[in-house]
>>> print(open('query.txt').read())   # compact mmCIF, C-alpha atoms (C1' of nucleotides)
# COMPACT_ATOMS: atom_id res chain seq x y z
CA MET A 263 129.39 94.48 147.57
CA PHE A 264 126.88 94.77 144.80
CA ARG A 265 123.26 94.28 145.66
CA LEU A 266 120.21 94.49 143.52
CA ARG A 267 118.52 97.67 144.45
CA SER A 268 115.16 97.09 145.97
CA ARG A 269 112.21 98.02 143.87
CA PRO A 270 108.54 98.16 144.51
CA PRO A 271 106.89 94.78 144.08
CA ARG A 272 106.20 94.42 140.43
CA ARG A 273 104.03 91.90 138.74
CA VAL A 274 106.45 89.74 136.93
CA ARG A 275 105.17 87.65 134.11
CA TYR A 276 106.81 84.31 133.78
CA SER A 277 106.10 82.69 130.47
CA VAL A 278 105.74 78.99 129.96
CA GLY A 279 103.98 77.27 132.76
CA ILE A 280 105.66 79.12 135.56
CA ASP A 281 103.57 80.25 138.45
CA ALA A 282 103.40 84.02 138.25
CA THR A 283 102.36 84.24 141.87
CA THR A 284 105.49 82.53 143.12
CA LYS A 285 107.16 84.91 145.47
CA SER A 286 110.52 85.97 144.27
CA PRO A 287 113.32 84.56 146.42
CA ALA A 288 116.73 86.10 146.59
CA LEU A 289 118.97 85.81 143.58
CA PRO A 290 121.58 83.10 143.48
CA ALA A 291 124.54 84.18 145.57
CA ASN A 292 126.69 84.80 142.53
CA ALA A 293 124.12 87.18 141.09
CA ARG A 294 125.15 89.54 143.85
CA SER A 295 128.72 89.66 142.72
CA LEU A 296 128.29 91.61 139.54
CA GLY A 297 131.02 94.01 140.47
CA PRO A 298 130.09 97.59 139.69
CA GLY A 299 126.41 96.82 139.93
CA LEU A 300 123.44 96.24 137.79
CA ASP A 301 123.21 99.74 136.36
CA ALA A 302 126.81 99.55 135.25
CA LEU A 303 126.17 96.16 133.71
CA HIS A 304 123.27 97.62 131.78
CA ARG A 305 125.39 100.51 130.58
CA ARG A 306 128.25 98.29 129.48
CA ILE A 307 126.19 95.82 127.51
CA VAL A 308 123.81 98.37 126.02
CA GLY A 309 126.79 100.58 125.17
CA TRP A 310 128.50 97.70 123.44
CA PHE A 311 125.30 96.98 121.55
CA GLU A 312 124.95 100.52 120.30
CA GLU A 313 128.47 100.41 118.90
CA THR A 314 128.43 96.91 117.52
CA ALA A 315 124.87 95.97 116.63
CA ARG A 316 124.23 94.63 113.16
CA ASP A 317 121.99 96.63 110.85
CA LEU A 318 119.05 94.32 110.49
CA PRO A 319 115.97 95.48 108.61
CA TRP A 320 113.56 94.43 111.36
CA ARG A 321 115.47 96.68 113.75
CA GLU A 322 114.80 99.78 111.67
CA PRO A 323 112.47 102.18 113.47
CA ALA A 324 110.31 102.23 110.36
CA CYS A 325 109.82 98.47 110.45
CA SER A 326 106.20 97.61 111.13
CA PRO A 327 105.08 95.29 113.94
CA TRP A 328 104.14 92.85 111.20
CA GLY A 329 107.72 92.94 109.94
CA VAL A 330 108.94 92.25 113.46
CA LEU A 331 106.51 89.37 113.91
CA VAL A 332 107.55 87.79 110.61
CA SER A 333 111.22 88.12 111.55
CA GLU A 334 110.70 86.55 114.97
CA ILE A 335 108.94 83.53 113.53
CA MET A 336 111.56 83.10 110.82
CA LEU A 337 114.37 83.41 113.34
CA GLN A 338 113.10 80.55 115.47
CA GLN A 339 115.95 78.03 115.28
CA THR A 340 117.25 79.69 112.14
CA PRO A 341 120.35 81.89 111.68
CA VAL A 342 120.00 85.55 110.68
CA VAL A 343 121.91 85.22 107.41
CA ARG A 344 119.47 82.69 106.06
CA VAL A 345 116.44 84.68 107.17
CA LEU A 346 117.43 88.01 105.59
CA PRO A 347 116.61 87.35 101.92
CA VAL A 348 113.41 85.44 102.68
CA TRP A 349 112.20 88.16 105.03
CA GLU A 350 112.78 90.79 102.34
CA GLU A 351 110.81 88.76 99.84
CA TRP A 352 107.97 88.12 102.26
CA LEU A 353 107.58 91.74 103.23
CA ARG A 354 107.67 92.94 99.66
CA ARG A 355 105.00 90.45 98.74
CA TRP A 356 102.93 90.61 101.92
CA PRO A 357 103.45 94.03 103.52
CA ASN A 358 100.71 93.45 106.08
CA PRO A 359 98.74 90.59 107.66
CA ALA A 360 95.75 91.06 105.36
CA ALA A 361 97.89 90.56 102.26
CA LEU A 362 99.12 87.21 103.51
CA ALA A 363 95.73 86.17 104.85
CA GLY A 364 94.30 86.77 101.38
CA GLU A 365 96.42 84.07 99.80
CA PRO A 366 96.41 80.30 100.13
CA ALA A 367 98.55 78.87 102.93
CA GLY A 368 100.49 76.91 100.34
CA GLU A 369 101.90 80.15 98.95
CA ALA A 370 103.34 80.96 102.35
CA VAL A 371 104.92 77.52 102.49
CA ARG A 372 106.34 77.86 98.97
CA CYS A 373 107.74 81.30 99.66
CA TRP A 374 109.27 79.96 102.88
CA GLY A 375 111.84 78.29 100.64
CA ARG A 376 114.49 76.32 102.46
CA LEU A 377 114.29 78.09 105.81
CA GLY A 378 113.33 74.85 107.49
CA TYR A 379 110.49 73.91 109.84
CA PRO A 380 107.86 74.79 107.20
CA ARG A 381 105.09 74.44 109.78
CA ARG A 382 106.18 77.91 110.81
CA ALA A 383 105.01 79.24 107.44
CA LEU A 384 101.67 77.55 107.92
CA ARG A 385 101.29 79.01 111.39
CA LEU A 386 102.35 82.46 110.28
CA HIS A 387 99.64 82.32 107.67
CA ALA A 388 97.16 81.20 110.31
CA ALA A 389 98.37 84.02 112.55
CA ALA A 390 97.73 86.51 109.74
CA VAL A 391 94.20 85.18 109.39
CA ALA A 392 93.68 85.45 113.15
CA ILE A 393 95.01 89.01 113.13
CA VAL A 394 92.62 90.00 110.37
CA ASP A 395 89.65 88.19 111.90
CA GLY A 396 90.22 89.03 115.53
CA HIS A 397 92.35 92.16 115.69
CA GLY A 398 91.20 94.32 112.82
CA GLY A 399 94.27 93.46 110.77
CA LYS A 400 96.67 94.99 113.30
CA VAL A 401 99.29 92.92 115.08
CA PRO A 402 98.23 92.90 118.75
CA ASP A 403 100.44 94.82 121.15
CA THR A 404 100.18 92.88 124.37
CA TYR A 405 101.97 89.75 125.45
CA ALA A 406 98.70 87.96 126.32
CA GLU A 407 97.09 88.63 122.95
CA LEU A 408 100.23 87.80 121.01
CA LEU A 409 100.48 84.51 122.86
CA THR A 410 97.14 83.40 121.44
CA LEU A 411 98.43 83.57 117.86
CA PRO A 412 99.42 80.32 116.14
CA GLY A 413 103.17 79.76 116.23
CA VAL A 414 103.69 82.43 118.86
CA GLY A 415 105.00 81.12 122.16
CA SER A 416 106.41 82.80 125.22
CA TYR A 417 109.62 83.99 123.60
CA THR A 418 108.00 85.38 120.44
CA ALA A 419 105.15 87.08 122.31
CA ALA A 420 107.61 88.86 124.60
CA ALA A 421 109.93 89.74 121.73
CA VAL A 422 107.20 91.29 119.58
CA ALA A 423 105.72 93.22 122.51
CA ALA A 424 109.19 94.54 123.31
CA PHE A 425 110.73 95.15 119.91
CA ALA A 426 107.65 96.19 117.96
CA TYR A 427 105.84 98.08 120.72
CA GLY A 428 108.53 99.16 123.14
CA ARG A 429 107.08 97.26 126.06
CA ARG A 430 109.05 96.12 129.07
CA GLU A 431 109.03 92.33 128.78
CA THR A 432 111.17 89.53 130.10
CA VAL A 433 112.55 88.24 126.83
CA VAL A 434 114.38 84.95 127.19
CA ASP A 435 115.82 83.17 124.20
CA THR A 436 118.69 80.73 123.84
CA ASN A 437 121.26 83.56 123.56
CA ILE A 438 120.03 85.36 126.65
CA ARG A 439 119.90 82.10 128.60
CA ARG A 440 123.51 81.37 127.71
CA VAL A 441 124.73 84.85 128.63
CA HIS A 442 122.96 84.67 131.98
CA ALA A 443 124.28 81.17 132.60
CA ARG A 444 127.86 82.31 132.13
CA LEU A 445 127.84 85.88 133.32
CA VAL A 446 125.74 85.35 136.44
CA SER A 447 125.45 81.66 137.21
CA GLY A 448 129.00 80.78 136.27
CA VAL A 449 128.18 77.70 134.22
CA ALA A 450 129.10 76.94 130.63
CA LEU A 451 125.58 76.29 129.41
CA PRO A 452 122.02 76.85 130.59
CA ALA A 453 119.87 73.89 131.62
CA PRO A 454 118.49 71.70 128.81
CA SER A 455 115.12 73.41 129.14
CA LEU A 456 114.01 76.78 130.45
CA THR A 457 113.56 76.81 134.22
CA ALA A 458 111.57 79.03 136.58
CA SER A 459 114.82 80.06 138.16
CA GLU A 460 116.12 81.39 134.86
CA MET A 461 112.94 83.40 134.34
CA ARG A 462 113.27 84.86 137.81
CA LEU A 463 116.85 85.85 137.16
CA ALA A 464 116.00 87.41 133.80
CA ALA A 465 113.18 89.39 135.41
CA GLU A 466 115.51 90.64 138.15
CA LEU A 467 118.15 91.71 135.66
CA LEU A 468 115.69 93.62 133.47
CA PRO A 469 116.06 97.41 133.65
CA ASP A 470 113.13 99.27 135.18
CA ASP A 471 112.80 101.80 132.42
CA ASP A 472 110.81 100.70 129.39
CA GLY A 473 113.22 102.07 126.80
CA THR A 474 116.28 100.70 128.51
CA SER A 475 114.66 97.32 128.99
CA VAL A 476 114.02 97.02 125.26
CA ARG A 477 117.63 97.86 124.44
CA TRP A 478 118.85 95.53 127.16
CA ASN A 479 116.87 92.62 125.74
CA ALA A 480 118.22 93.24 122.25
CA ALA A 481 121.73 93.82 123.54
CA VAL A 482 122.00 90.65 125.61
CA MET A 483 120.62 88.66 122.72
CA GLU A 484 123.16 90.21 120.38
CA LEU A 485 125.96 89.56 122.85
CA GLY A 486 125.00 85.89 122.95
CA ALA A 487 124.77 85.71 119.18
CA LEU A 488 128.06 87.44 118.37
CA VAL A 489 130.38 87.08 121.38
CA CYS A 490 129.09 84.74 124.04
CA THR A 491 128.54 81.97 121.53
CA ALA A 492 127.83 78.35 122.34
CA ARG A 493 131.15 77.13 121.00
CA ALA A 494 134.36 79.12 121.16
CA PRO A 495 133.05 82.27 122.85
CA LYS A 496 135.03 85.39 121.99
CA CYS A 497 135.65 86.45 125.56
CA ALA A 498 138.39 88.88 124.58
CA ALA A 499 135.74 90.96 122.81
CA CYS A 500 133.24 90.82 125.65
CA PRO A 501 132.30 94.11 127.31
CA VAL A 502 131.62 92.35 130.63
CA ARG A 503 134.41 89.79 130.79
CA GLU A 504 135.57 91.35 134.06
CA GLN A 505 132.20 90.56 135.63
CA CYS A 506 131.80 87.08 134.15
CA ALA A 507 131.24 84.41 136.80
CA TRP A 508 132.10 81.63 134.38
CA LEU A 509 135.46 83.18 133.47
CA ALA A 510 136.14 83.88 137.14
CA ALA A 511 135.46 80.23 137.90
CA GLY A 512 138.05 79.17 135.33
CA GLU A 513 135.68 78.26 132.51
CA PRO A 514 134.31 75.02 133.96
CA PRO A 515 133.03 72.66 131.26
CA PRO A 516 129.31 71.96 130.81
CA SER A 517 127.84 69.55 133.32
CA TYR A 518 126.04 67.65 130.58
CA THR A 519 126.44 67.00 126.88
CA PRO A 520 123.44 68.05 124.82
CA LYS A 521 122.27 65.27 122.57
CA GLY A 522 122.10 66.22 118.95
CA GLN A 523 119.15 65.50 116.74
CA ALA A 524 119.39 62.54 114.44
CA TRP A 525 118.97 63.33 110.79
CA HIS A 526 120.19 60.70 108.34
CA GLY A 527 117.62 58.00 107.86
CA THR A 528 114.91 59.77 109.82
CA ASP A 529 111.34 60.57 108.83
CA ARG A 530 112.27 64.23 109.04
CA GLN A 531 114.80 63.80 106.29
CA VAL A 532 112.17 62.18 104.08
CA ARG A 533 109.60 64.87 104.90
CA GLY A 534 112.14 67.51 104.00
CA ALA A 535 112.88 65.85 100.68
CA VAL A 536 109.18 65.52 99.87
CA MET A 537 108.56 69.17 100.75
CA ALA A 538 111.39 70.23 98.45
CA VAL A 539 109.56 68.46 95.62
CA LEU A 540 106.16 69.94 96.48
CA ARG A 541 107.52 73.48 96.66
CA LEU A 542 108.65 73.25 93.05
CA ALA A 543 105.77 71.21 91.68
CA GLU A 544 103.23 73.13 89.65
CA THR A 545 100.74 70.28 89.52
CA PRO A 546 99.82 67.59 92.09
CA VAL A 547 102.48 64.90 92.34
CA PRO A 548 101.24 61.29 92.06
CA PRO A 549 102.54 59.13 94.91
CA GLU A 550 104.24 56.74 92.49
CA MET A 551 106.71 59.46 91.65
CA PHE A 552 107.99 59.56 95.20
CA VAL A 553 109.06 55.93 94.95
CA GLN A 554 112.37 55.03 93.40
CA GLU A 555 111.86 54.88 89.66
CA PRO A 556 114.62 53.29 87.58
CA ALA A 557 113.49 54.43 84.15
CA ASP A 558 112.49 57.90 83.06
CA LEU A 559 109.94 59.73 85.13
CA GLY A 560 108.04 61.18 82.20
CA PHE A 561 107.19 64.75 81.35
CA GLU A 562 105.39 65.17 84.67
CA ALA A 563 108.74 65.33 86.43
CA GLU A 564 109.50 68.50 84.51
CA GLY A 565 111.06 71.02 86.85
CA ILE A 566 111.14 68.78 89.88
CA GLY A 567 113.80 66.36 88.66
CA ALA A 568 116.52 67.46 91.07
CA PRO A 569 114.56 67.30 94.35
CA LEU A 570 112.90 64.11 93.14
CA SER A 571 116.28 62.50 92.54
CA ALA A 572 117.39 63.66 95.97
CA LEU A 573 114.35 61.97 97.48
CA HIS A 574 115.00 58.77 95.53
CA ARG A 575 118.62 58.78 96.60
CA LEU A 576 117.48 58.47 100.21
CA ASN A 577 116.20 55.04 99.23
CA SER A 578 113.85 55.06 102.18
CA ALA A 579 111.65 52.11 103.06
CA PRO A 580 108.12 52.27 101.63
CA GLU A 581 106.58 52.45 105.08
CA GLN A 582 108.82 55.35 105.97
CA LEU A 583 107.71 57.25 102.90
CA GLU A 584 104.14 56.44 103.87
CA ARG A 585 104.70 57.81 107.34
CA ALA A 586 106.27 60.97 105.99
CA LEU A 587 103.43 61.62 103.55
CA ALA A 588 100.78 60.88 106.17
CA GLY A 589 102.53 63.23 108.56
CA LEU A 590 102.62 66.03 106.01
CA LEU A 591 98.90 65.56 105.34
CA SER A 592 97.98 65.60 109.00
CA ASP A 593 100.15 68.65 109.61
CA GLY A 594 98.41 70.45 106.77
CA LEU A 595 101.67 70.95 104.89
CA ALA A 596 100.32 68.91 101.99
CA GLU A 597 96.96 67.89 100.63
CA LEU A 598 95.66 65.35 98.18
CA HIS A 599 94.18 66.61 94.94
CA HIS A 600 93.05 64.26 92.17
CA GLY A 601 95.21 61.56 93.70
CA GLY A 602 98.37 63.67 93.82
CA TYR A 603 100.14 65.58 96.57
CA ARG A 604 100.42 69.35 96.55
CA LEU A 605 100.89 72.26 98.90
CA PRO A 606 97.62 73.39 100.52
CA ALA A 607 95.61 75.60 98.18
C1' DA B 220 106.86 66.61 129.31
C1' DA B 221 109.80 64.54 126.19
C1' DA B 222 109.91 64.16 121.50
C1' DG B 223 109.21 65.73 116.89
C1' DC B 224 109.97 69.09 113.60
C1' DG B 225 114.34 71.32 108.48
C1' DT B 226 118.23 73.24 106.91
C1' DG B 227 122.91 74.51 106.01
C1' DG B 228 127.16 76.74 107.85
C1' DA B 229 130.99 76.30 110.99
C1' DG B 230 134.49 73.89 113.50
C1' DT C 71 133.37 63.60 107.13
C1' DC C 72 130.66 64.32 111.00
C1' DT C 73 128.82 66.67 114.92
C1' DC C 74 126.97 70.70 116.74
C1' DC C 75 123.79 74.19 116.70
C1' DA C 76 120.70 78.49 115.30
C1' DA C 77 115.88 84.79 117.96
C1' DG C 78 111.15 77.77 119.71
C1' DC C 79 106.56 75.86 119.32
C1' DT C 80 103.34 72.21 119.78
C1' DT C 81 101.37 68.02 121.41
>>> encode(input="query.txt", output="structure tokens")
Amino acid sequence: MFRLRSRPPRRVRYSVGIDATTKSPALPANARSLGPGLDALHRRIVGWFEETARDLPWREPACSPWGVLVSEIMLQQTPVVRVLPVWEEWLRRWPNPAALAGEPAGEAVRCWGRLGYPRRALRLHAAAVAIVDGHGGKVPDTYAELLTLPGVGSYTAAAVAAFAYGRRETVVDTNIRRVHARLVSGVALPAPSLTASEMRLAAELLPDDDGTSVRWNAAVMELGALVCTARAPKCAACPVREQCAWLAAGEPPPSYTPKGQAWHGTDRQVRGAVMAVLRLAETPVPPEMFVQEPADLGFEAEGIGAPLSALHRLNSAPEQLERALAGLLSDGLAELHHGGYRLPA
DNA sequence: AAAGCGTGGAG
DNA sequence: TCTCCAAGCTT
């Protein structure tokens, strides 16, 4: 019977509001049934990764910590294929934190394009400023320091410390949570939000060796992204299907149905449409232009006709447009200049 | 601590 | 067409 080998007590850092002093109880019973053992599990998944891993520019050894940080922020809730071209453009234009910090935040937002969640661009700019002001222009190399940066939470801090600096960190993202849920816990999906129990499990599964731990983190993430996917997992291609508790249990369905985010008719949709206009606008946009306009919009609409029409097509209530604009102002994604809206200068 | 925050591809 | 969901963070 497989057992986790005992190791000297190690300070385990649990991210997000989890008491780091909590003593570590035994693993769930099914964590002990990983067949050939934890080392073998590490070898299988890391081996699979080294054969199968995608060539991603932020995984190149030559990629700077700044490149890794930018990639991690861009990848929050955003698929790799959409990030790739924007990341390339960002790194060409801003090869280090100081380069970005030297430009207006609005440029970061504009260059963010249609990646979504544009507050991330704002925060990345603020992070660059903080790195220049507080860290001599060098991306910090510890979890604790990274965590203080705007837009950097527990996942991103651990990921940058691990992938940019080779540190042994408990990296837990949505892919890793799902792999652990199936492989070890035997359930179709992880809990709706990250639990202390998941962090404990991830910490227990992490290889002792620094180098192996980094590859393990990347490998489990990749396995979740390519094979152990949320819908229609490709179990036939899984290097650890023989050890999978969920498969062994007969693929029980999820115990809950995640509720999707509303989109049509929401403030978010209006904000998105307004931002699309502002990204293309070269001069401040008067508020009247955001309102449905039957006749011609005049020469001022030059270049922003398409996103403006898209906004008008939403036909949103005036108070909803008001809310969206006010929200963008308070978030710092837009500012008022001579009575018109523009990206922050 | 639950809710808000974009976008587009896949099934 | 419509729903789901993708390397989360912040308040």
>>> closest_residue(input="query.txt", among="A:Pro515, A:Gly396, A:Gly368, A:Gly589", to="chain B", atoms="all atoms listed in the file")
A:Gly589
>>> atom_distance(input="query.txt", atom1="CA of Arg444 in chain A", atom2="CA of Ser475 in chain A")
20.2 Å
>>> closest_atom_pairs(input="query.txt", of="chain B", to="range 337-348 of chain A", cutoff="10 Å", atoms="all atoms listed in the file", output="tab-separated table")
residue	atom	partner	partner_atom	distance
B:DG225	C1'	A:Thr340	CA	9.6
B:DT226	C1'	A:Thr340	CA	8.4
B:DG227	C1'	A:Arg344	CA	8.9
B:DG228	C1'	A:Pro341	CA	9.4
>>> atom_distance(input="query.txt", atom1="CA of Cys325 in chain A", atom2="CA of Pro380 in chain A")
24.0 Å
>>> residues_around(input="query.txt", residues="DA77 in chain C", least_positions_apart="3", cutoff="12 Å", atoms="only C-alpha atoms (C1' of nucleotides)", output="PyMOL selection string")
chain A and resi 320+330-342+345+417-422+425+433-439+479-480+482-484+486-487
>>> write_last_selection(input="query.txt", atoms="C-alpha atoms", output="JSON list (two decimals), in the coordinates of the input")
[["chain", "number", "residue", "atom", "x", "y", "z"],
["A", 320, "TRP", "CA", 113.56, 94.43, 111.36],
["A", 330, "VAL", "CA", 108.94, 92.25, 113.46],
["A", 331, "LEU", "CA", 106.51, 89.37, 113.91],
["A", 332, "VAL", "CA", 107.55, 87.79, 110.61],
["A", 333, "SER", "CA", 111.22, 88.12, 111.55],
["A", 334, "GLU", "CA", 110.70, 86.55, 114.97],
["A", 335, "ILE", "CA", 108.94, 83.53, 113.53],
["A", 336, "MET", "CA", 111.56, 83.10, 110.82],
["A", 337, "LEU", "CA", 114.37, 83.41, 113.34],
["A", 338, "GLN", "CA", 113.10, 80.55, 115.47],
["A", 339, "GLN", "CA", 115.95, 78.03, 115.28],
["A", 340, "THR", "CA", 117.25, 79.69, 112.14],
["A", 341, "PRO", "CA", 120.35, 81.89, 111.68],
["A", 342, "VAL", "CA", 120.00, 85.55, 110.68],
["A", 345, "VAL", "CA", 116.44, 84.68, 107.17],
["A", 417, "TYR", "CA", 109.62, 83.99, 123.60],
["A", 418, "THR", "CA", 108.00, 85.38, 120.44],
["A", 419, "ALA", "CA", 105.15, 87.08, 122.31],
["A", 420, "ALA", "CA", 107.61, 88.86, 124.60],
["A", 421, "ALA", "CA", 109.93, 89.74, 121.73],
["A", 422, "VAL", "CA", 107.20, 91.29, 119.58],
["A", 425, "PHE", "CA", 110.73, 95.15, 119.91],
["A", 433, "VAL", "CA", 112.55, 88.24, 126.83],
["A", 434, "VAL", "CA", 114.38, 84.95, 127.19],
["A", 435, "ASP", "CA", 115.82, 83.17, 124.20],
["A", 436, "THR", "CA", 118.69, 80.73, 123.84],
["A", 437, "ASN", "CA", 121.26, 83.56, 123.56],
["A", 438, "ILE", "CA", 120.03, 85.36, 126.65],
["A", 439, "ARG", "CA", 119.90, 82.10, 128.60],
["A", 479, "ASN", "CA", 116.87, 92.62, 125.74],
["A", 480, "ALA", "CA", 118.22, 93.24, 122.25],
["A", 482, "VAL", "CA", 122.00, 90.65, 125.61],
["A", 483, "MET", "CA", 120.62, 88.66, 122.72],
["A", 484, "GLU", "CA", 123.16, 90.21, 120.38],
["A", 486, "GLY", "CA", 125.00, 85.89, 122.95],
["A", 487, "ALA", "CA", 124.77, 85.71, 119.18]]
>>> atom_distance(input="query.txt", atom1="CA of Leu605 in chain A", atom2="CA of Val553 in chain A")
18.7 Å
>>> interface_residues(input="query.txt", of="chain C", to="chain A", cutoff="7 Å", atoms="only C-alpha atoms (C1' of nucleotides)", output="VMD selection string")
chain C and resid 74 76 to 79
>>> write_last_selection(input="query.txt", atoms="C-alpha atoms (C1' of nucleotides)", output="PDB file, keeping the file's coordinate frame")
ATOM      1  C1'  DC C  74     126.970  70.700 116.740  1.00  0.00           C
ATOM      2  C1'  DA C  76     120.700  78.490 115.300  1.00  0.00           C
ATOM      3  C1'  DA C  77     115.880  84.790 117.960  1.00  0.00           C
ATOM      4  C1'  DG C  78     111.150  77.770 119.710  1.00  0.00           C
ATOM      5  C1'  DC C  79     106.560  75.860 119.320  1.00  0.00           C
TER       6       DC C  79
END
>>> closest_residue(input="query.txt", among="A:Glu312, A:Glu550, A:Asp529, A:Glu466", to="chain B", atoms="only C-alpha atoms (C1' of nucleotides)")
A:Asp529
>>> closest_atom_pairs(input="query.txt", of="chain A", to="chain B", cutoff="8 Å", atoms="all atoms listed in the file", output="JSON lines")
{"residue": "A:Arg376", "atom": "CA", "partner": "B:DT226", "partner_atom": "C1'", "distance": 6.6}
{"residue": "A:Leu377", "atom": "CA", "partner": "B:DT226", "partner_atom": "C1'", "distance": 6.3}
{"residue": "A:Gly378", "atom": "CA", "partner": "B:DG225", "partner_atom": "C1'", "distance": 3.8}
{"residue": "A:Tyr379", "atom": "CA", "partner": "B:DG225", "partner_atom": "C1'", "distance": 4.8}
{"residue": "A:Pro380", "atom": "CA", "partner": "B:DG225", "partner_atom": "C1'", "distance": 7.5}
{"residue": "A:Arg530", "atom": "CA", "partner": "B:DC224", "partner_atom": "C1'", "distance": 7.1}
{"residue": "A:Gln531", "atom": "CA", "partner": "B:DG225", "partner_atom": "C1'", "distance": 7.8}
{"residue": "A:Gly534", "atom": "CA", "partner": "B:DG225", "partner_atom": "C1'", "distance": 6.3}
>>> decode(input="query.txt", residues="range 492-507 of chain A", atoms="N, CA, C and O atoms", output="compact mmCIF listing (two decimals), in the first residue's frame")
# COMPACT_ATOMS: atom_id res chain seq x y z
N ALA A 492 -11.82 20.36 -18.33
CA ALA A 492 -13.08 20.46 -17.59
C ALA A 492 -14.18 19.65 -18.27
O ALA A 492 -14.91 18.92 -17.62
N ARG A 493 -14.29 19.83 -19.57
CA ARG A 493 -15.30 19.07 -20.31
C ARG A 493 -14.58 18.08 -21.22
O ARG A 493 -13.58 18.39 -21.83
N ALA A 494 -15.12 16.91 -21.34
CA ALA A 494 -14.57 15.88 -22.22
C ALA A 494 -13.08 15.64 -22.01
O ALA A 494 -12.27 15.82 -22.94
N PRO A 495 -12.68 15.24 -20.82
CA PRO A 495 -11.27 14.94 -20.59
C PRO A 495 -10.80 13.80 -21.48
O PRO A 495 -11.57 12.89 -21.79
N LYS A 496 -9.55 13.90 -21.92
CA LYS A 496 -8.99 12.90 -22.84
C LYS A 496 -8.25 11.83 -22.04
O LYS A 496 -7.02 11.68 -22.12
N CYS A 497 -9.02 11.04 -21.32
CA CYS A 497 -8.42 10.09 -20.38
C CYS A 497 -7.53 9.06 -21.08
O CYS A 497 -6.56 8.57 -20.49
N ALA A 498 -7.85 8.75 -22.33
CA ALA A 498 -7.05 7.76 -23.04
C ALA A 498 -5.61 8.24 -23.20
O ALA A 498 -4.69 7.43 -23.34
N ALA A 499 -5.41 9.56 -23.19
CA ALA A 499 -4.07 10.12 -23.38
C ALA A 499 -3.40 10.45 -22.06
O ALA A 499 -2.32 11.03 -22.04
N CYS A 500 -4.01 10.07 -20.97
CA CYS A 500 -3.50 10.48 -19.66
C CYS A 500 -2.43 9.51 -19.16
O CYS A 500 -2.64 8.30 -19.12
N PRO A 501 -1.29 10.06 -18.75
CA PRO A 501 -0.19 9.22 -18.28
C PRO A 501 -0.48 8.56 -16.93
O PRO A 501 0.23 7.64 -16.53
N VAL A 502 -1.50 9.02 -16.22
CA VAL A 502 -1.79 8.45 -14.89
C VAL A 502 -3.23 7.96 -14.79
O VAL A 502 -3.81 7.94 -13.72
N ARG A 503 -3.79 7.53 -15.92
CA ARG A 503 -5.17 7.05 -15.89
C ARG A 503 -5.32 5.83 -14.99
O ARG A 503 -6.37 5.61 -14.40
N GLU A 504 -4.24 5.03 -14.89
CA GLU A 504 -4.30 3.83 -14.05
C GLU A 504 -4.43 4.19 -12.56
O GLU A 504 -4.90 3.39 -11.77
N GLN A 505 -3.96 5.38 -12.22
CA GLN A 505 -3.96 5.78 -10.80
C GLN A 505 -5.13 6.69 -10.47
O GLN A 505 -5.27 7.14 -9.34
N CYS A 506 -5.98 6.98 -11.48
CA CYS A 506 -6.98 8.03 -11.28
C CYS A 506 -8.15 7.54 -10.42
O CYS A 506 -8.87 6.61 -10.78
N ALA A 507 -8.36 8.22 -9.31
CA ALA A 507 -9.44 7.83 -8.39
C ALA A 507 -10.82 8.09 -9.00
O ALA A 507 -11.77 7.37 -8.72
